[in-house]
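Coordinates as given in model16.txt (compact mmCIF, N, CA, C and O atoms):
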# COMPACT_ATOMS: atom_id res chain seq x y z
N LEU Y 1 -7.98 -1.55 -26.76
CA LEU Y 1 -7.48 -1.83 -25.41
C LEU Y 1 -7.14 -0.52 -24.71
O LEU Y 1 -6.80 0.45 -25.34
N GLY Y 2 -7.16 -0.57 -23.44
CA GLY Y 2 -6.80 0.58 -22.65
C GLY Y 2 -7.24 0.37 -21.23
O GLY Y 2 -7.81 -0.66 -20.90
N TYR Y 3 -6.96 1.33 -20.42
CA TYR Y 3 -7.37 1.26 -19.02
C TYR Y 3 -7.58 2.68 -18.52
O TYR Y 3 -7.01 3.64 -19.03
N GLY Y 4 -8.41 2.80 -17.50
CA GLY Y 4 -8.69 4.10 -16.92
C GLY Y 4 -7.85 4.34 -15.67
O GLY Y 4 -7.02 3.52 -15.31
N ARG Y 5 -8.09 5.43 -15.03
CA ARG Y 5 -7.34 5.76 -13.82
C ARG Y 5 -7.92 5.08 -12.58
O ARG Y 5 -7.28 5.04 -11.56
N GLU Y 6 -9.13 4.55 -12.70
CA GLU Y 6 -9.70 3.82 -11.57
C GLU Y 6 -8.90 2.54 -11.36
O GLU Y 6 -8.60 1.82 -12.31
N LEU Y 7 -8.54 2.28 -10.12
CA LEU Y 7 -7.69 1.14 -9.82
C LEU Y 7 -8.42 -0.18 -10.00
O LEU Y 7 -9.36 -0.49 -9.30
N LYS Y 8 -7.99 -0.93 -10.99
CA LYS Y 8 -8.46 -2.29 -11.24
C LYS Y 8 -7.21 -3.08 -11.59
O LYS Y 8 -6.94 -3.36 -12.76
N PRO Y 9 -6.39 -3.40 -10.59
CA PRO Y 9 -5.07 -3.98 -10.86
C PRO Y 9 -5.10 -5.21 -11.75
O PRO Y 9 -4.24 -5.38 -12.60
N LEU Y 10 -6.07 -6.08 -11.58
CA LEU Y 10 -6.08 -7.29 -12.40
C LEU Y 10 -6.34 -6.98 -13.86
O LEU Y 10 -5.74 -7.59 -14.75
N ASP Y 11 -7.23 -6.01 -14.13
CA ASP Y 11 -7.47 -5.60 -15.51
C ASP Y 11 -6.21 -4.99 -16.11
O ASP Y 11 -5.84 -5.28 -17.24
N PHE Y 12 -5.55 -4.14 -15.35
CA PHE Y 12 -4.34 -3.46 -15.81
C PHE Y 12 -3.24 -4.48 -16.11
O PHE Y 12 -2.64 -4.47 -17.18
N LEU Y 13 -2.99 -5.37 -15.18
CA LEU Y 13 -1.92 -6.36 -15.35
C LEU Y 13 -2.22 -7.37 -16.44
O LEU Y 13 -1.31 -7.92 -17.05
N SER Y 14 -3.49 -7.60 -16.71
CA SER Y 14 -3.86 -8.58 -17.73
C SER Y 14 -3.34 -8.17 -19.11
O SER Y 14 -3.10 -9.03 -19.96
N HIS Y 15 -3.14 -6.88 -19.35
CA HIS Y 15 -2.59 -6.42 -20.63
C HIS Y 15 -1.20 -7.02 -20.85
O HIS Y 15 -0.86 -7.43 -21.95
N PHE Y 16 -0.40 -7.05 -19.80
CA PHE Y 16 0.96 -7.58 -19.92
C PHE Y 16 0.96 -9.09 -20.09
O PHE Y 16 1.74 -9.64 -20.86
N VAL Y 17 0.06 -9.75 -19.40
CA VAL Y 17 -0.05 -11.21 -19.49
C VAL Y 17 -0.52 -11.61 -20.89
O VAL Y 17 0.04 -12.51 -21.52
N ARG Y 18 -1.53 -10.92 -21.41
CA ARG Y 18 -2.04 -11.22 -22.75
C ARG Y 18 -0.98 -10.99 -23.82
O ARG Y 18 -0.97 -11.65 -24.86
N ALA Y 19 -0.07 -10.05 -23.57
CA ALA Y 19 1.00 -9.77 -24.52
C ALA Y 19 2.16 -10.76 -24.38
O ALA Y 19 3.17 -10.64 -25.06
N GLY Y 20 2.01 -11.74 -23.49
CA GLY Y 20 3.04 -12.76 -23.32
C GLY Y 20 4.07 -12.44 -22.26
O GLY Y 20 5.09 -13.10 -22.16
N GLY Y 21 3.81 -11.40 -21.47
CA GLY Y 21 4.75 -11.01 -20.43
C GLY Y 21 4.93 -12.10 -19.38
O GLY Y 21 3.97 -12.78 -19.01
N ILE Y 22 6.15 -12.25 -18.95
CA ILE Y 22 6.47 -13.23 -17.91
C ILE Y 22 6.78 -12.47 -16.63
O ILE Y 22 7.72 -11.66 -16.60
N PRO Y 23 6.01 -12.68 -15.57
CA PRO Y 23 6.28 -11.97 -14.31
C PRO Y 23 7.67 -12.35 -13.78
O PRO Y 23 8.08 -13.51 -13.85
N ILE Y 24 8.39 -11.34 -13.30
CA ILE Y 24 9.71 -11.54 -12.70
C ILE Y 24 9.75 -10.76 -11.38
O ILE Y 24 8.98 -9.83 -11.19
N PRO Y 25 10.66 -11.12 -10.47
CA PRO Y 25 10.79 -10.35 -9.23
C PRO Y 25 11.24 -8.92 -9.53
O PRO Y 25 12.13 -8.71 -10.37
N VAL Y 26 10.64 -7.95 -8.86
CA VAL Y 26 10.99 -6.55 -9.13
C VAL Y 26 12.47 -6.26 -8.87
O VAL Y 26 13.07 -5.45 -9.56
N ASP Y 27 13.06 -6.93 -7.90
CA ASP Y 27 14.46 -6.68 -7.58
C ASP Y 27 15.43 -7.22 -8.61
O ASP Y 27 16.61 -6.87 -8.59
N SER Y 28 14.94 -8.07 -9.53
CA SER Y 28 15.84 -8.62 -10.53
C SER Y 28 15.67 -7.98 -11.91
O SER Y 28 16.34 -8.35 -12.86
N ALA Y 29 14.77 -7.00 -12.04
CA ALA Y 29 14.52 -6.36 -13.33
C ALA Y 29 15.76 -5.62 -13.81
O ALA Y 29 16.47 -4.98 -13.04
N LYS Y 30 15.98 -5.73 -15.14
CA LYS Y 30 17.12 -5.06 -15.75
C LYS Y 30 16.66 -4.35 -17.01
O LYS Y 30 15.47 -4.36 -17.33
N GLY Y 31 17.59 -3.75 -17.72
CA GLY Y 31 17.27 -2.99 -18.91
C GLY Y 31 16.37 -3.72 -19.89
O GLY Y 31 16.62 -4.88 -20.21
N GLY Y 32 15.31 -3.07 -20.35
CA GLY Y 32 14.37 -3.63 -21.31
C GLY Y 32 13.13 -4.23 -20.70
O GLY Y 32 12.15 -4.47 -21.39
N GLU Y 33 13.16 -4.47 -19.39
CA GLU Y 33 12.00 -5.09 -18.75
C GLU Y 33 11.02 -4.02 -18.27
O GLU Y 33 11.39 -2.89 -18.00
N VAL Y 34 9.76 -4.41 -18.20
CA VAL Y 34 8.68 -3.49 -17.84
C VAL Y 34 8.50 -3.50 -16.31
O VAL Y 34 8.41 -4.55 -15.70
N MET Y 35 8.44 -2.31 -15.74
CA MET Y 35 8.24 -2.18 -14.29
C MET Y 35 6.89 -1.52 -14.05
O MET Y 35 6.53 -0.53 -14.70
N ILE Y 36 6.14 -2.07 -13.12
CA ILE Y 36 4.83 -1.55 -12.74
C ILE Y 36 4.98 -0.83 -11.39
O ILE Y 36 5.58 -1.36 -10.46
N PHE Y 37 4.41 0.37 -11.32
CA PHE Y 37 4.48 1.17 -10.10
C PHE Y 37 3.07 1.51 -9.62
O PHE Y 37 2.14 1.61 -10.42
N ARG Y 38 2.94 1.71 -8.35
CA ARG Y 38 1.70 2.23 -7.78
C ARG Y 38 2.05 3.53 -7.07
O ARG Y 38 2.67 3.53 -6.01
N GLN Y 39 1.68 4.64 -7.70
CA GLN Y 39 1.90 5.96 -7.12
C GLN Y 39 0.59 6.45 -6.53
O GLN Y 39 -0.48 6.05 -6.99
N PRO Y 40 0.65 7.33 -5.54
CA PRO Y 40 -0.59 7.80 -4.91
C PRO Y 40 -1.61 8.35 -5.91
O PRO Y 40 -2.78 8.00 -5.85
N ILE Y 41 -1.18 9.17 -6.85
CA ILE Y 41 -2.13 9.77 -7.79
C ILE Y 41 -2.32 8.91 -9.04
O ILE Y 41 -3.32 9.00 -9.72
N TYR Y 42 -1.35 8.05 -9.36
CA TYR Y 42 -1.43 7.18 -10.52
C TYR Y 42 -1.24 5.73 -10.07
O TYR Y 42 -0.12 5.23 -10.04
N PRO Y 43 -2.31 5.05 -9.72
CA PRO Y 43 -2.17 3.71 -9.17
C PRO Y 43 -1.68 2.66 -10.18
O PRO Y 43 -1.25 1.60 -9.79
N CYS Y 44 -1.76 2.97 -11.45
CA CYS Y 44 -1.31 2.03 -12.49
C CYS Y 44 -0.34 2.77 -13.40
O CYS Y 44 -0.73 3.39 -14.38
N HIS Y 45 0.94 2.71 -13.05
CA HIS Y 45 1.98 3.45 -13.79
C HIS Y 45 3.01 2.46 -14.29
O HIS Y 45 3.35 1.50 -13.60
N VAL Y 46 3.53 2.69 -15.49
CA VAL Y 46 4.47 1.77 -16.12
C VAL Y 46 5.74 2.51 -16.53
O VAL Y 46 5.68 3.66 -16.98
N GLY Y 47 6.86 1.84 -16.38
CA GLY Y 47 8.13 2.34 -16.88
C GLY Y 47 8.88 1.21 -17.54
O GLY Y 47 8.57 0.04 -17.33
N ILE Y 48 9.87 1.55 -18.33
CA ILE Y 48 10.75 0.55 -18.94
C ILE Y 48 12.13 0.74 -18.32
O ILE Y 48 12.69 1.84 -18.37
N MET Y 49 12.63 -0.32 -17.74
CA MET Y 49 13.94 -0.26 -17.12
C MET Y 49 14.99 -0.07 -18.21
O MET Y 49 14.96 -0.73 -19.24
N THR Y 50 15.93 0.87 -17.99
CA THR Y 50 17.03 1.06 -18.93
C THR Y 50 18.31 0.45 -18.38
O THR Y 50 19.28 0.29 -19.09
N SER Y 51 18.28 0.11 -17.10
CA SER Y 51 19.35 -0.64 -16.43
C SER Y 51 18.71 -1.18 -15.15
O SER Y 51 17.53 -0.97 -14.91
N ALA Y 52 19.50 -1.81 -14.31
CA ALA Y 52 18.95 -2.32 -13.04
C ALA Y 52 18.59 -1.19 -12.09
O ALA Y 52 17.84 -1.39 -11.13
N THR Y 53 19.09 0.03 -12.36
CA THR Y 53 18.86 1.15 -11.43
C THR Y 53 18.24 2.39 -12.07
O THR Y 53 18.06 3.40 -11.40
N THR Y 54 17.91 2.33 -13.36
CA THR Y 54 17.30 3.49 -14.02
C THR Y 54 16.07 3.06 -14.82
O THR Y 54 15.97 1.92 -15.26
N VAL Y 55 15.14 3.99 -14.98
CA VAL Y 55 13.88 3.71 -15.65
C VAL Y 55 13.50 4.89 -16.54
O VAL Y 55 13.80 6.04 -16.23
N ILE Y 56 12.83 4.59 -17.65
CA ILE Y 56 12.27 5.64 -18.50
C ILE Y 56 10.75 5.55 -18.35
O ILE Y 56 10.18 4.46 -18.37
N HIS Y 57 10.11 6.69 -18.14
CA HIS Y 57 8.66 6.72 -17.95
C HIS Y 57 8.14 8.12 -18.21
O HIS Y 57 8.92 9.08 -18.29
N ALA Y 58 6.83 8.24 -18.36
CA ALA Y 58 6.20 9.54 -18.55
C ALA Y 58 5.99 10.17 -17.19
O ALA Y 58 5.25 9.63 -16.36
N ARG Y 59 6.65 11.29 -16.96
CA ARG Y 59 6.55 11.97 -15.66
C ARG Y 59 5.58 13.13 -15.78
O ARG Y 59 5.83 14.10 -16.50
N ALA Y 60 4.47 13.04 -15.10
CA ALA Y 60 3.40 14.04 -15.21
C ALA Y 60 3.89 15.44 -14.84
O ALA Y 60 3.55 16.41 -15.51
N LEU Y 61 4.68 15.54 -13.78
CA LEU Y 61 5.14 16.86 -13.35
C LEU Y 61 6.03 17.53 -14.38
O LEU Y 61 6.07 18.75 -14.48
N SER Y 62 6.75 16.74 -15.16
CA SER Y 62 7.63 17.29 -16.20
C SER Y 62 6.92 17.45 -17.53
O SER Y 62 7.44 18.10 -18.43
N HIS Y 63 5.77 16.82 -17.67
CA HIS Y 63 5.03 16.81 -18.93
C HIS Y 63 5.87 16.25 -20.07
O HIS Y 63 5.79 16.72 -21.21
N LYS Y 64 6.69 15.24 -19.75
CA LYS Y 64 7.49 14.61 -20.78
C LYS Y 64 7.97 13.24 -20.30
O LYS Y 64 7.81 12.89 -19.14
N VAL Y 65 8.53 12.51 -21.22
CA VAL Y 65 9.12 11.22 -20.90
C VAL Y 65 10.56 11.46 -20.49
O VAL Y 65 11.29 12.18 -21.16
N ILE Y 66 10.94 10.86 -19.35
CA ILE Y 66 12.29 11.07 -18.84
C ILE Y 66 12.93 9.74 -18.45
O ILE Y 66 12.23 8.76 -18.20
N GLU Y 67 14.24 9.74 -18.39
CA GLU Y 67 14.98 8.63 -17.81
C GLU Y 67 15.53 9.13 -16.48
O GLU Y 67 16.07 10.23 -16.42
N GLN Y 68 15.36 8.34 -15.43
CA GLN Y 68 15.81 8.76 -14.12
C GLN Y 68 16.23 7.56 -13.29
O GLN Y 68 15.82 6.43 -13.57
N PRO Y 69 17.03 7.81 -12.25
CA PRO Y 69 17.34 6.72 -11.31
C PRO Y 69 16.04 6.28 -10.63
O PRO Y 69 15.13 7.09 -10.44
N LEU Y 70 15.98 5.03 -10.26
CA LEU Y 70 14.78 4.53 -9.57
C LEU Y 70 14.47 5.37 -8.34
O LEU Y 70 13.32 5.76 -8.13
N GLY Y 71 15.46 5.68 -7.52
CA GLY Y 71 15.25 6.54 -6.36
C GLY Y 71 13.98 6.21 -5.60
O GLY Y 71 13.74 5.07 -5.21
N ASP Y 72 13.13 7.22 -5.42
CA ASP Y 72 11.88 7.06 -4.68
C ASP Y 72 10.91 6.08 -5.35
O ASP Y 72 10.04 5.51 -4.70
N LEU Y 73 11.03 5.92 -6.66
CA LEU Y 73 10.14 4.99 -7.36
C LEU Y 73 10.36 3.54 -6.92
O LEU Y 73 9.45 2.72 -7.01
N ALA Y 74 11.55 3.23 -6.43
CA ALA Y 74 11.84 1.85 -6.02
C ALA Y 74 10.85 1.35 -4.98
O ALA Y 74 10.43 0.19 -5.02
N ALA Y 75 10.44 2.22 -4.07
CA ALA Y 75 9.49 1.82 -3.02
C ALA Y 75 8.08 1.63 -3.57
O ALA Y 75 7.24 1.04 -2.90
N MET Y 76 7.82 2.10 -4.79
CA MET Y 76 6.48 2.03 -5.38
C MET Y 76 6.34 0.88 -6.37
O MET Y 76 5.29 0.72 -6.99
N ARG Y 77 7.38 0.07 -6.54
CA ARG Y 77 7.32 -1.04 -7.49
C ARG Y 77 6.34 -2.10 -7.00
O ARG Y 77 6.34 -2.48 -5.84
N THR Y 78 5.49 -2.56 -7.91
CA THR Y 78 4.52 -3.60 -7.55
C THR Y 78 4.63 -4.83 -8.44
O THR Y 78 4.03 -5.85 -8.14
N GLY Y 79 5.34 -4.73 -9.53
CA GLY Y 79 5.48 -5.87 -10.43
C GLY Y 79 6.45 -5.56 -11.54
O GLY Y 79 6.79 -4.41 -11.79
N ALA Y 80 6.92 -6.61 -12.18
CA ALA Y 80 7.82 -6.46 -13.32
C ALA Y 80 7.56 -7.60 -14.29
O ALA Y 80 7.16 -8.70 -13.88
N TYR Y 81 7.79 -7.33 -15.57
CA TYR Y 81 7.55 -8.32 -16.61
C TYR Y 81 8.68 -8.32 -17.62
O TYR Y 81 9.20 -7.26 -18.00
N ARG Y 82 9.01 -9.50 -18.08
CA ARG Y 82 9.92 -9.71 -19.20
C ARG Y 82 9.01 -9.94 -20.40
O ARG Y 82 8.14 -10.81 -20.37
N MET Y 83 9.19 -9.15 -21.44
CA MET Y 83 8.31 -9.24 -22.60
C MET Y 83 8.98 -10.01 -23.74
O MET Y 83 10.19 -9.89 -23.95
N PRO Y 84 8.19 -10.78 -24.48
CA PRO Y 84 8.75 -11.56 -25.59
C PRO Y 84 9.23 -10.65 -26.71
O PRO Y 84 8.68 -9.57 -26.92
N GLY Y 85 10.27 -11.09 -27.41
CA GLY Y 85 10.75 -10.35 -28.56
C GLY Y 85 11.68 -9.18 -28.23
O GLY Y 85 12.09 -8.45 -29.12
N VAL Y 86 12.02 -8.99 -26.97
CA VAL Y 86 12.90 -7.91 -26.57
C VAL Y 86 14.27 -8.49 -26.26
O VAL Y 86 14.37 -9.52 -25.59
N GLU Y 87 15.32 -7.85 -26.75
CA GLU Y 87 16.68 -8.29 -26.42
C GLU Y 87 17.08 -7.61 -25.12
O GLU Y 87 16.98 -6.39 -25.00
N TYR Y 88 17.50 -8.40 -24.16
CA TYR Y 88 17.87 -7.88 -22.85
C TYR Y 88 19.38 -7.89 -22.70
O TYR Y 88 20.04 -8.86 -23.08
N HIS Y 89 19.89 -6.80 -22.15
CA HIS Y 89 21.34 -6.67 -21.94
C HIS Y 89 21.64 -6.30 -20.52
O HIS Y 89 20.92 -5.67 -19.85

Please express what this file holds, its structure, as structure tokens.
Amino acid sequence: LGYGRELKPLDFLSHFVRAGGIPIPVDSAKGGEVMIFRQPIYPCHVGIMTSATTVIHARALSHKVIEQPLGDLAAMRTGAYRMPGVEYH
């Protein structure tokens, strides 16, 4: 499995659905839930919410995985999923 950088949103999102993900409103996502972003250079980007206002994701400019406030990313949210087998707090 995998996906390329070419934008094929349905193919990209199908990974989460096949894994049993349940779509939830982006504004209600909390720690442990998966957030989908559409950034200009990365149309299919994923982060894991660590709280209702912070996310952990791979930041290309930093060349590492970071935790940060949603900040500017909030405007780029396109979807969120609750995944089975994860304890949410």

Exercise for the section: Would you list the contacts of range 27-33 of chain Y as a list in words, taking every protein, DNA or RNA residue within 6 Å and counting only C-alpha atoms, but skipping same-chain residues closer than 5 positions in sequence? Expected result: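 So the residues in contact are Ile48, Met49, Thr50, Ser51, Ala52, Tyr81, Arg82 and Tyr88 of chain Y.
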
Q) Among range 30-69 of chain Y, which ones does DSSP place in strand (DSSP E), written as a ChimeraX atom specification? A) /Y:34-37,45-49,54-59,64-69

Grab the residues selected above and save them as a PDB file, in the frame of the given file with N, CA, C and O atoms.
ATOM      1  N   VAL Y  34       9.760  -4.410 -18.200  1.00  0.00           N
ATOM      2  CA  VAL Y  34       8.680  -3.490 -17.840  1.00  0.00           C
ATOM      3  C   VAL Y  34       8.500  -3.500 -16.310  1.00  0.00           C
ATOM      4  O   VAL Y  34       8.410  -4.550 -15.700  1.00  0.00           O
ATOM      5  N   MET Y  35       8.440  -2.310 -15.740  1.00  0.00           N
ATOM      6  CA  MET Y  35       8.240  -2.180 -14.290  1.00  0.00           C
ATOM      7  C   MET Y  35       6.890  -1.520 -14.050  1.00  0.00           C
ATOM      8  O   MET Y  35       6.530  -0.530 -14.700  1.00  0.00           O
ATOM      9  N   ILE Y  36       6.140  -2.070 -13.120  1.00  0.00           N
ATOM     10  CA  ILE Y  36       4.830  -1.550 -12.740  1.00  0.00           C
ATOM     11  C   ILE Y  36       4.980  -0.830 -11.390  1.00  0.00           C
ATOM     12  O   ILE Y  36       5.580  -1.360 -10.460  1.00  0.00           O
ATOM     13  N   PHE Y  37       4.410   0.370 -11.320  1.00  0.00           N
ATOM     14  CA  PHE Y  37       4.480   1.170 -10.100  1.00  0.00           C
ATOM     15  C   PHE Y  37       3.070   1.510  -9.620  1.00  0.00           C
ATOM     16  O   PHE Y  37       2.140   1.610 -10.420  1.00  0.00           O
ATOM     17  N   HIS Y  45       0.940   2.710 -13.050  1.00  0.00           N
ATOM     18  CA  HIS Y  45       1.980   3.450 -13.790  1.00  0.00           C
ATOM     19  C   HIS Y  45       3.010   2.460 -14.290  1.00  0.00           C
ATOM     20  O   HIS Y  45       3.350   1.500 -13.600  1.00  0.00           O
ATOM     21  N   VAL Y  46       3.530   2.690 -15.490  1.00  0.00           N
ATOM     22  CA  VAL Y  46       4.470   1.770 -16.120  1.00  0.00           C
ATOM     23  C   VAL Y  46       5.740   2.510 -16.530  1.00  0.00           C
ATOM     24  O   VAL Y  46       5.680   3.660 -16.980  1.00  0.00           O
ATOM     25  N   GLY Y  47       6.860   1.840 -16.380  1.00  0.00           N
ATOM     26  CA  GLY Y  47       8.130   2.340 -16.880  1.00  0.00           C
ATOM     27  C   GLY Y  47       8.880   1.210 -17.540  1.00  0.00           C
ATOM     28  O   GLY Y  47       8.570   0.040 -17.330  1.00  0.00           O
ATOM     29  N   ILE Y  48       9.870   1.550 -18.330  1.00  0.00           N
ATOM     30  CA  ILE Y  48      10.750   0.550 -18.940  1.00  0.00           C
ATOM     31  C   ILE Y  48      12.130   0.740 -18.320  1.00  0.00           C
ATOM     32  O   ILE Y  48      12.690   1.840 -18.370  1.00  0.00           O
ATOM     33  N   MET Y  49      12.630  -0.320 -17.740  1.00  0.00           N
ATOM     34  CA  MET Y  49      13.940  -0.260 -17.120  1.00  0.00           C
ATOM     35  C   MET Y  49      14.990  -0.070 -18.210  1.00  0.00           C
ATOM     36  O   MET Y  49      14.960  -0.730 -19.240  1.00  0.00           O
ATOM     37  N   THR Y  54      17.910   2.330 -13.360  1.00  0.00           N
ATOM     38  CA  THR Y  54      17.300   3.490 -14.020  1.00  0.00           C
ATOM     39  C   THR Y  54      16.070   3.060 -14.820  1.00  0.00           C
ATOM     40  O   THR Y  54      15.970   1.920 -15.260  1.00  0.00           O
ATOM     41  N   VAL Y  55      15.140   3.990 -14.980  1.00  0.00           N
ATOM     42  CA  VAL Y  55      13.880   3.710 -15.650  1.00  0.00           C
ATOM     43  C   VAL Y  55      13.500   4.890 -16.540  1.00  0.00           C
ATOM     44  O   VAL Y  55      13.800   6.040 -16.230  1.00  0.00           O
ATOM     45  N   ILE Y  56      12.830   4.590 -17.650  1.00  0.00           N
ATOM     46  CA  ILE Y  56      12.270   5.640 -18.500  1.00  0.00           C
ATOM     47  C   ILE Y  56      10.750   5.550 -18.350  1.00  0.00           C
ATOM     48  O   ILE Y  56      10.180   4.460 -18.370  1.00  0.00           O
ATOM     49  N   HIS Y  57      10.110   6.690 -18.140  1.00  0.00           N
ATOM     50  CA  HIS Y  57       8.660   6.720 -17.950  1.00  0.00           C
ATOM     51  C   HIS Y  57       8.140   8.120 -18.210  1.00  0.00           C
ATOM     52  O   HIS Y  57       8.920   9.080 -18.290  1.00  0.00           O
ATOM     53  N   ALA Y  58       6.830   8.240 -18.360  1.00  0.00           N
ATOM     54  CA  ALA Y  58       6.200   9.540 -18.550  1.00  0.00           C
ATOM     55  C   ALA Y  58       5.990  10.170 -17.190  1.00  0.00           C
ATOM     56  O   ALA Y  58       5.250   9.630 -16.360  1.00  0.00           O
ATOM     57  N   ARG Y  59       6.650  11.290 -16.960  1.00  0.00           N
ATOM     58  CA  ARG Y  59       6.550  11.970 -15.660  1.00  0.00           C
ATOM     59  C   ARG Y  59       5.580  13.130 -15.780  1.00  0.00           C
ATOM     60  O   ARG Y  59       5.830  14.100 -16.500  1.00  0.00           O
ATOM     61  N   LYS Y  64       6.690  15.240 -19.750  1.00  0.00           N
ATOM     62  CA  LYS Y  64       7.490  14.610 -20.780  1.00  0.00           C
ATOM     63  C   LYS Y  64       7.970  13.240 -20.300  1.00  0.00           C
ATOM     64  O   LYS Y  64       7.810  12.890 -19.140  1.00  0.00           O
ATOM     65  N   VAL Y  65       8.530  12.510 -21.220  1.00  0.00           N
ATOM     66  CA  VAL Y  65       9.120  11.220 -20.900  1.00  0.00           C
ATOM     67  C   VAL Y  65      10.560  11.460 -20.490  1.00  0.00           C
ATOM     68  O   VAL Y  65      11.290  12.180 -21.160  1.00  0.00           O
ATOM     69  N   ILE Y  66      10.940  10.860 -19.350  1.00  0.00           N
ATOM     70  CA  ILE Y  66      12.290  11.070 -18.840  1.00  0.00           C
ATOM     71  C   ILE Y  66      12.930   9.740 -18.450  1.00  0.00           C
ATOM     72  O   ILE Y  66      12.230   8.760 -18.200  1.00  0.00           O
ATOM     73  N   GLU Y  67      14.240   9.740 -18.390  1.00  0.00           N
ATOM     74  CA  GLU Y  67      14.980   8.630 -17.810  1.00  0.00           C
ATOM     75  C   GLU Y  67      15.530   9.130 -16.480  1.00  0.00           C
ATOM     76  O   GLU Y  67      16.070  10.230 -16.420  1.00  0.00           O
ATOM     77  N   GLN Y  68      15.360   8.340 -15.430  1.00  0.00           N
ATOM     78  CA  GLN Y  68      15.810   8.760 -14.120  1.00  0.00           C
ATOM     79  C   GLN Y  68      16.230   7.560 -13.290  1.00  0.00           C
ATOM     80  O   GLN Y  68      15.820   6.430 -13.570  1.00  0.00           O
ATOM     81  N   PRO Y  69      17.030   7.810 -12.250  1.00  0.00           N
ATOM     82  CA  PRO Y  69      17.340   6.720 -11.310  1.00  0.00           C
ATOM     83  C   PRO Y  69      16.040   6.280 -10.630  1.00  0.00           C
ATOM     84  O   PRO Y  69      15.130   7.090 -10.440  1.00  0.00           O
TER      85      PRO Y  69
END

Counting only C-alpha atoms, closest pick from Y:Ala19, Y:Ile24, Y:Ile36, Y:Leu13 relative to Arg77 in chain Y is Y:Ile36

Query - Secondary structure check, alpha helix (DSSP H) residues of chain Y, as a VMD selection string - result: chain Y and resid 9 to 18

Using only C-alpha atoms, pick whichever of Y:Val17, Y:Val46, Y:Met35, Y:Ala58 has the shortest atom-to-atom distance to Pro84 in chain Y.
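That would be Y:Val17, the residue with the smallest distance to Pro84 in chain Y.
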
Neighbours of Thr78 in chain Y within 8 Å (all atoms listed in the file; same-chain residues fewer than 2 positions away dropped), as a list in words?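 That gives Ile24, Pro25, Val26, Met35, Ile36, Phe37, Arg38, His45, Leu73, Ala74, Ala75, Met76 and Ala80 of chain Y.
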
key: CA of Cys44 in chain Y to CA of Gln68 in chain Y, straight-line distance in Å   =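 Separation between CA of Gln68 in chain Y and CA of Cys44 in chain Y: 18.5 Å.
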
Would you mind reading off the distance between CA of Gly21 in chain Y and atom C of Gly79 in chain Y, one decimal, in Å?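 Those two atoms sit 10.6 Å apart.
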
- [ ] Check the smallest atom-to-atom distance from each of Y:Leu70, Y:Ile41, Y:Gly20, Y:Gly85 to Thr54 in chain Y using only N, CA, C and O atoms, then report the winner.
- [x]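 The answer is Y:Leu70, which sits nearest to Thr54 in chain Y.
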
Find the distance between atom C of Ser14 in chain Y and CA of Pro43 in chain Y and write it in Å to one decimal.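 Distance between the two atoms: 15.5 Å.
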
For His57 in chain Y, the closest of Y:Asp11, Y:Gly71, Y:Val34, Y:Val86 counting only C-alpha atoms is Y:Val34

Using 3 Å of padding on each side, determine the axis-aligned box around all atoms of range 38-56 of chain Y present in the file and give its centre and edge lengths in Å to one decimal, as JSON.
{"center_x": 8.1, "center_y": 3.7, "center_z": -12.1, "size_x": 28.8, "size_y": 18.1, "size_z": 20.3}
